[in-house]
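Worksheet: one structure, shown below.
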Amino acid sequence: MSATLQRFMDCWRPQIPVALCLALMTCGCGPSASVPSPSATASDPRLHGSTDWFEDITGRSGVQFVHATGTNYFMPDQIGSGVVLFDCDLDDRLDLFLVQNHPSPPQAKHQLYRQNADGTFRNASTGSGLDLATAGMGAIAGDVNNDGLPDLVLTEYGGTRLFRNQGDGRFEEVTQAAGIDNPRWAAPASFIDFDRDGWLDLVVGNYLDYDPTQVCHDVHGRQDFCAPKVFNSTASRIWRNITGTPGAPPRFEDRTEASGLARVPGAALGLVCADFNGDHWPDIFCADDGRANRLLINRKDGTFVDEAAQRGLALNAMGRTAANMGVVYADFDHDGLGDLFVTHLAEEFHALYRQDQPGLFTDIVAQAGLQQQAWRGTGFGAVHADFDADGHADLAFVNGLVRLAVPGQKPVAAGVDPWWGRYAQRSQLFVNEGGARFRDVSPSQHVLSSEASVGRSLAVGDLNRDGAPDLVIGSIAGPLRLLRNVAPRRGNWIRVRALEPNFGRRDAIGAEIRVKAGGQLRWALVQPATSYLVSHDPALHFGLGSTAEIDSVEVRWPDGSAETFAGRSANQTLVLLHGTGTPVP
């Protein structure tokens with residue numbers, strides 16, 4: 001038997017299209033004897049060694065959160081729940097808001113953990129105003145009334161809630177008074193200043209028009225979760241912030257109809273608010289599950305128009321729709337333009353859309369090496385971070401099946417409910433070797449990748465303020481995990497926080513940061529609401545490799561203005577205030 005034919009037979013399964021197997025053959029990325037199989041066990045020596053980039057600190061962190069959900073094929077249970085990294089009490093330490101989505105007895109409530117001075121966390125849920133039992137999905141943090149305190153938005157199956165931060169870890173629900181009304185299945189959410197008036201507006205991606213009485217089965221006739229194609233699309237929603245006075249109770253007006261969003265429905269699981277066409281006005285990208293993606297371009301008059309197809313973001317490299325879920329918007333190739341990574345099902349390929357020129361994208365997932373995987377997984381949360389600070393940011397994502405048609409991966413991590421363990425898969429880490437070329441190092445990452453879970457949310461932030469990005473992983477029916485970055489041979493770094501002093505010193509969500517150092521340009525966006533149902537640390541981390549100082553930092557602020565700030569030595573946090581730099585014409 002020829003090697004090519006053997007590769008085809010190895011990769012073929014009844015549930016994987018022949019076209020994908022042919023793609024595997026031509027790119028040389030099919031299964032081989034040198035790659036650990038999905039059933040590799042924790043005792044496999046290829047999964048051990050001194051190359052771990054992460055240490056699991058959950059047990060000694062004080063965080064004892066286990067995601068609770070049902071076992072009856074109720075589709076919202078399958079979506080998972082989100083994680084928020086934010087400094088809720090302004091003590092310069094990242095805190096955690098953790099979302100549950102099982103409101104039925106035994107009731108599981110959302111939890112708030114505040115970080116202590118020694119780096120451990122204490123459960124501060126009681127009395128916080130956040131310890132509710134609701135069908136939570138995702139959550140984001142941002143200061144909606146410009147009083148300097150980050151507020152919270154919680155999306156749910158059946159609604160969206162707004163919590164005003166009252167200080168000292170206490171929150172008040174102000175949903176109705178603020179004018180937020182969304183009786184739909186809300187999943188991702190993001191803040192966006194779409195009219196550039198200095199007040200954070202709100203976008204919520206609604207998922208499906210779900211009918212819980214619908215019963216679905218897999219290819220073998222067994223009951224399983226329904227596919228999204230069974231249900232109708234829904235419209236995403238947008239609210240304009242009309243609070244007007246710093247510190248006043250937040251108020252919003254619904255602009256869904258007037259903006260044009262109501263005319264472009266979808267099935268949003270991922271959401272990115274950023275400038276996608278280079279005109280310095282924020283746009284909205286919706287990663288739609290089983291549908292063509294939407295790219296809603298800001299027309300600068302309060303309206304949006306979908307231009308995903310003509311800009312190359314509607315379909316994948318094969319010209320097809322896909323199960324679009326987690327999203328990353330980052331500069332993968334150091335050309336100063338944001339690129340877009342979207343996770344898909346195990347039987348599909350993920351997409352990496354490179355921005356070739358402002359507003360035009362091409363899926364280069366094959367050229368980037370992301371098809372050459374040690375194992376195939378259904379990806380959800382994803383982050384782009386320079387874990388070893390070598391100057392080239394890496395890519396991590398968590399996996400978990402949505403149906404039983406594709407074999408799962410063993411061993412299943414401790415603490416995962418056995419019913420859900422059938423959907424468990426292992427997480428993956430791809431190292432950036434430069435020029436947007438990645439290599440899968442997951443088999444060597446014992447802590448991150450040796451055990452399977454039903455991975456959903458993945459958030460990144462510097463939990464212990466040592467200059468290295470850490471990970472927080474949320475999974476269905478399993479414990480939350482905190483992974484501390486211990487990557488060997490770590491290079492220099494710079495951490496940047498951009499603030500709006502005229503708007504309560506809040507984080508400048510939507511600002512673009514360009515760091516020039518060592519002859520290289522590094523670009524990043526202040527947008528915590530990416531990945532999947534999460535809100536990241538709003539500070540940006542840049543790896544510098546051997547470069548010991550930066551030459552300059554340029555900030556394109558959300559209002560469209562730009563400033564430069566002087567360079568300085570590496571390995572510190574820069575706090576940049578709007579209006580204190582040198583204006584750029």
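So you can find residues: chains in the structure tokens are A, B, ... in the order shown, residues in each start at 1, and ligands are numbered from 1 in order.
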
- Item | Selection near Glu554 in chain A, 12 Å with only C-alpha atoms, sequence-local residues under 2 positions removed, as a VMD selection string | chain A and resid 336 496 498 511 to 517 521 to 525 550 to 552 556 to 557 561 to 567 576 to 578 580 to 584

- Item | Proximity to Val534 in chain A - best of A:Ser61, A:Ser427, A:Ser190, A:Gln373, only C-alpha atoms | A:Ser190

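Residue nearest Gln115 in chain A, chosen from A:Gly478, A:Pro150, A:Gly381, A:Gly62 and counting only C-alpha atoms: A:Gly62.
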
Can you tell me which residues surround Asp193 in chain A at a distance of at most 10 Å, considering only C-alpha atoms, apart from same-chain residues fewer than 3 positions away, and format the answer as an mmCIF file with N, CA, C and O atoms, in the first residue's frame?
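This is the output file around31.cif:
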data_model
loop_
_atom_site.group_PDB
_atom_site.id
_atom_site.type_symbol
_atom_site.label_atom_id
_atom_site.label_comp_id
_atom_site.auth_asym_id
_atom_site.auth_seq_id
_atom_site.Cartn_x
_atom_site.Cartn_y
_atom_site.Cartn_z
ATOM 1 N N ARG A 196 -17.951 57.044 18.931
ATOM 2 C CA ARG A 196 -16.721 57.723 19.362
ATOM 3 C C ARG A 196 -17.003 58.951 20.232
ATOM 4 O O ARG A 196 -16.326 59.969 20.122
ATOM 5 N N ASP A 197 -17.968 58.812 21.154
ATOM 6 C CA ASP A 197 -18.291 59.931 22.034
ATOM 7 C C ASP A 197 -17.684 59.762 23.425
ATOM 8 O O ASP A 197 -17.948 60.582 24.317
ATOM 9 N N GLY A 198 -16.889 58.708 23.640
ATOM 10 C CA GLY A 198 -16.245 58.502 24.926
ATOM 11 C C GLY A 198 -17.015 57.652 25.908
ATOM 12 O O GLY A 198 -16.555 57.423 27.024
ATOM 13 N N TRP A 199 -18.184 57.151 25.508
ATOM 14 C CA TRP A 199 -19.006 56.310 26.370
ATOM 15 C C TRP A 199 -19.138 54.927 25.738
ATOM 16 O O TRP A 199 -19.421 54.803 24.548
ATOM 17 N N LEU A 200 -18.941 53.883 26.553
ATOM 18 C CA LEU A 200 -18.954 52.527 26.031
ATOM 19 C C LEU A 200 -20.375 52.070 25.705
ATOM 20 O O LEU A 200 -21.247 52.038 26.578
ATOM 21 N N ASP A 201 -20.581 51.736 24.439
ATOM 22 C CA ASP A 201 -21.834 51.150 23.999
ATOM 23 C C ASP A 201 -21.734 49.629 24.125
ATOM 24 O O ASP A 201 -20.667 49.074 24.384
ATOM 25 N N LEU A 202 -22.829 48.937 23.934
ATOM 26 C CA LEU A 202 -22.880 47.496 24.190
ATOM 27 C C LEU A 202 -23.431 46.747 22.988
ATOM 28 O O LEU A 202 -24.461 47.119 22.433
ATOM 29 N N VAL A 203 -22.719 45.675 22.601
ATOM 30 C CA VAL A 203 -23.186 44.753 21.567
ATOM 31 C C VAL A 203 -23.347 43.380 22.199
ATOM 32 O O VAL A 203 -22.468 42.917 22.935
ATOM 33 N N ARG A 240 -26.849 52.026 22.561
ATOM 34 C CA ARG A 240 -26.010 53.223 22.668
ATOM 35 C C ARG A 240 -26.045 53.737 24.093
ATOM 36 O O ARG A 240 -27.109 53.840 24.713
ATOM 37 N N ASN A 241 -24.878 54.065 24.619
ATOM 38 C CA ASN A 241 -24.747 54.579 25.981
ATOM 39 C C ASN A 241 -25.133 56.059 25.998
ATOM 40 O O ASN A 241 -24.507 56.878 25.321
ATOM 41 N N CYS A 273 -15.195 43.440 18.372
ATOM 42 C CA CYS A 273 -15.443 44.828 17.993
ATOM 43 C C CYS A 273 -14.101 45.514 17.797
ATOM 44 O O CYS A 273 -13.342 45.688 18.756
ATOM 45 N N ALA A 274 -13.805 45.885 16.565
ATOM 46 C CA ALA A 274 -12.514 46.476 16.221
ATOM 47 C C ALA A 274 -12.633 47.158 14.873
ATOM 48 O O ALA A 274 -13.616 46.962 14.136
ATOM 49 N N TRP A 281 -12.794 53.697 12.745
ATOM 50 C CA TRP A 281 -14.111 53.565 13.374
ATOM 51 C C TRP A 281 -14.336 52.087 13.666
ATOM 52 O O TRP A 281 -14.063 51.236 12.808
ATOM 53 N N PRO A 282 -14.848 51.762 14.848
ATOM 54 C CA PRO A 282 -14.963 50.343 15.216
ATOM 55 C C PRO A 282 -16.104 49.639 14.495
ATOM 56 O O PRO A 282 -17.210 50.172 14.368
ATOM 57 N N ASP A 283 -15.827 48.431 14.034
ATOM 58 C CA ASP A 283 -16.788 47.578 13.351
ATOM 59 C C ASP A 283 -17.116 46.379 14.237
ATOM 60 O O ASP A 283 -16.573 46.241 15.335
ATOM 61 N N ALA A 508 -9.118 52.127 27.867
ATOM 62 C CA ALA A 508 -9.464 52.670 26.552
ATOM 63 C C ALA A 508 -9.799 51.519 25.606
ATOM 64 O O ALA A 508 -9.033 51.202 24.675
ATOM 65 N N ILE A 509 -10.941 50.885 25.835
ATOM 66 C CA ILE A 509 -11.354 49.768 24.988
ATOM 67 C C ILE A 509 -11.532 50.256 23.556
ATOM 68 O O ILE A 509 -12.239 51.224 23.301
ATOM 69 N N GLY A 510 -10.855 49.563 22.638
ATOM 70 C CA GLY A 510 -10.851 49.957 21.238
ATOM 71 C C GLY A 510 -9.566 50.625 20.795
ATOM 72 O O GLY A 510 -9.359 50.829 19.587
ATOM 73 N N PRO A 558 -9.548 55.435 20.822
ATOM 74 C CA PRO A 558 -10.862 55.110 20.261
ATOM 75 C C PRO A 558 -11.545 56.263 19.526
ATOM 76 O O PRO A 558 -12.406 56.019 18.671
ATOM 77 N N ASP A 559 -11.187 57.504 19.831
ATOM 78 C CA ASP A 559 -11.809 58.632 19.127
ATOM 79 C C ASP A 559 -11.150 58.917 17.789
ATOM 80 O O ASP A 559 -11.517 59.864 17.095
#

- Polymer residues at most 6 Å from Val153 in chain A, only C-alpha atoms, same-chain spacing of 4 or more positions, as a ChimeraX atom specification: /A:139-140,161-162

Writer output for current selection, N, CA, C and O atoms, as a PDB file, in the first residue's frame:
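part26.pdb, written as the output of this step:
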ATOM      1  N   ALA A 139     -19.702  36.752  30.020  1.00  0.00           N
ATOM      2  CA  ALA A 139     -19.663  37.984  30.801  1.00  0.00           C
ATOM      3  C   ALA A 139     -18.487  38.835  30.334  1.00  0.00           C
ATOM      4  O   ALA A 139     -17.471  38.313  29.867  1.00  0.00           O
ATOM      5  N   ILE A 140     -18.643  40.151  30.455  1.00  0.00           N
ATOM      6  CA  ILE A 140     -17.578  41.090  30.103  1.00  0.00           C
ATOM      7  C   ILE A 140     -17.526  42.188  31.151  1.00  0.00           C
ATOM      8  O   ILE A 140     -18.509  42.456  31.849  1.00  0.00           O
ATOM      9  N   ARG A 161     -27.974  40.895  31.550  1.00  0.00           N
ATOM     10  CA  ARG A 161     -28.014  41.694  32.783  1.00  0.00           C
ATOM     11  C   ARG A 161     -26.824  42.645  32.843  1.00  0.00           C
ATOM     12  O   ARG A 161     -25.726  42.315  32.391  1.00  0.00           O
ATOM     13  N   LEU A 162     -27.064  43.807  33.452  1.00  0.00           N
ATOM     14  CA  LEU A 162     -26.026  44.793  33.694  1.00  0.00           C
ATOM     15  C   LEU A 162     -25.889  45.008  35.191  1.00  0.00           C
ATOM     16  O   LEU A 162     -26.892  45.253  35.881  1.00  0.00           O
TER      17      LEU A 162
END
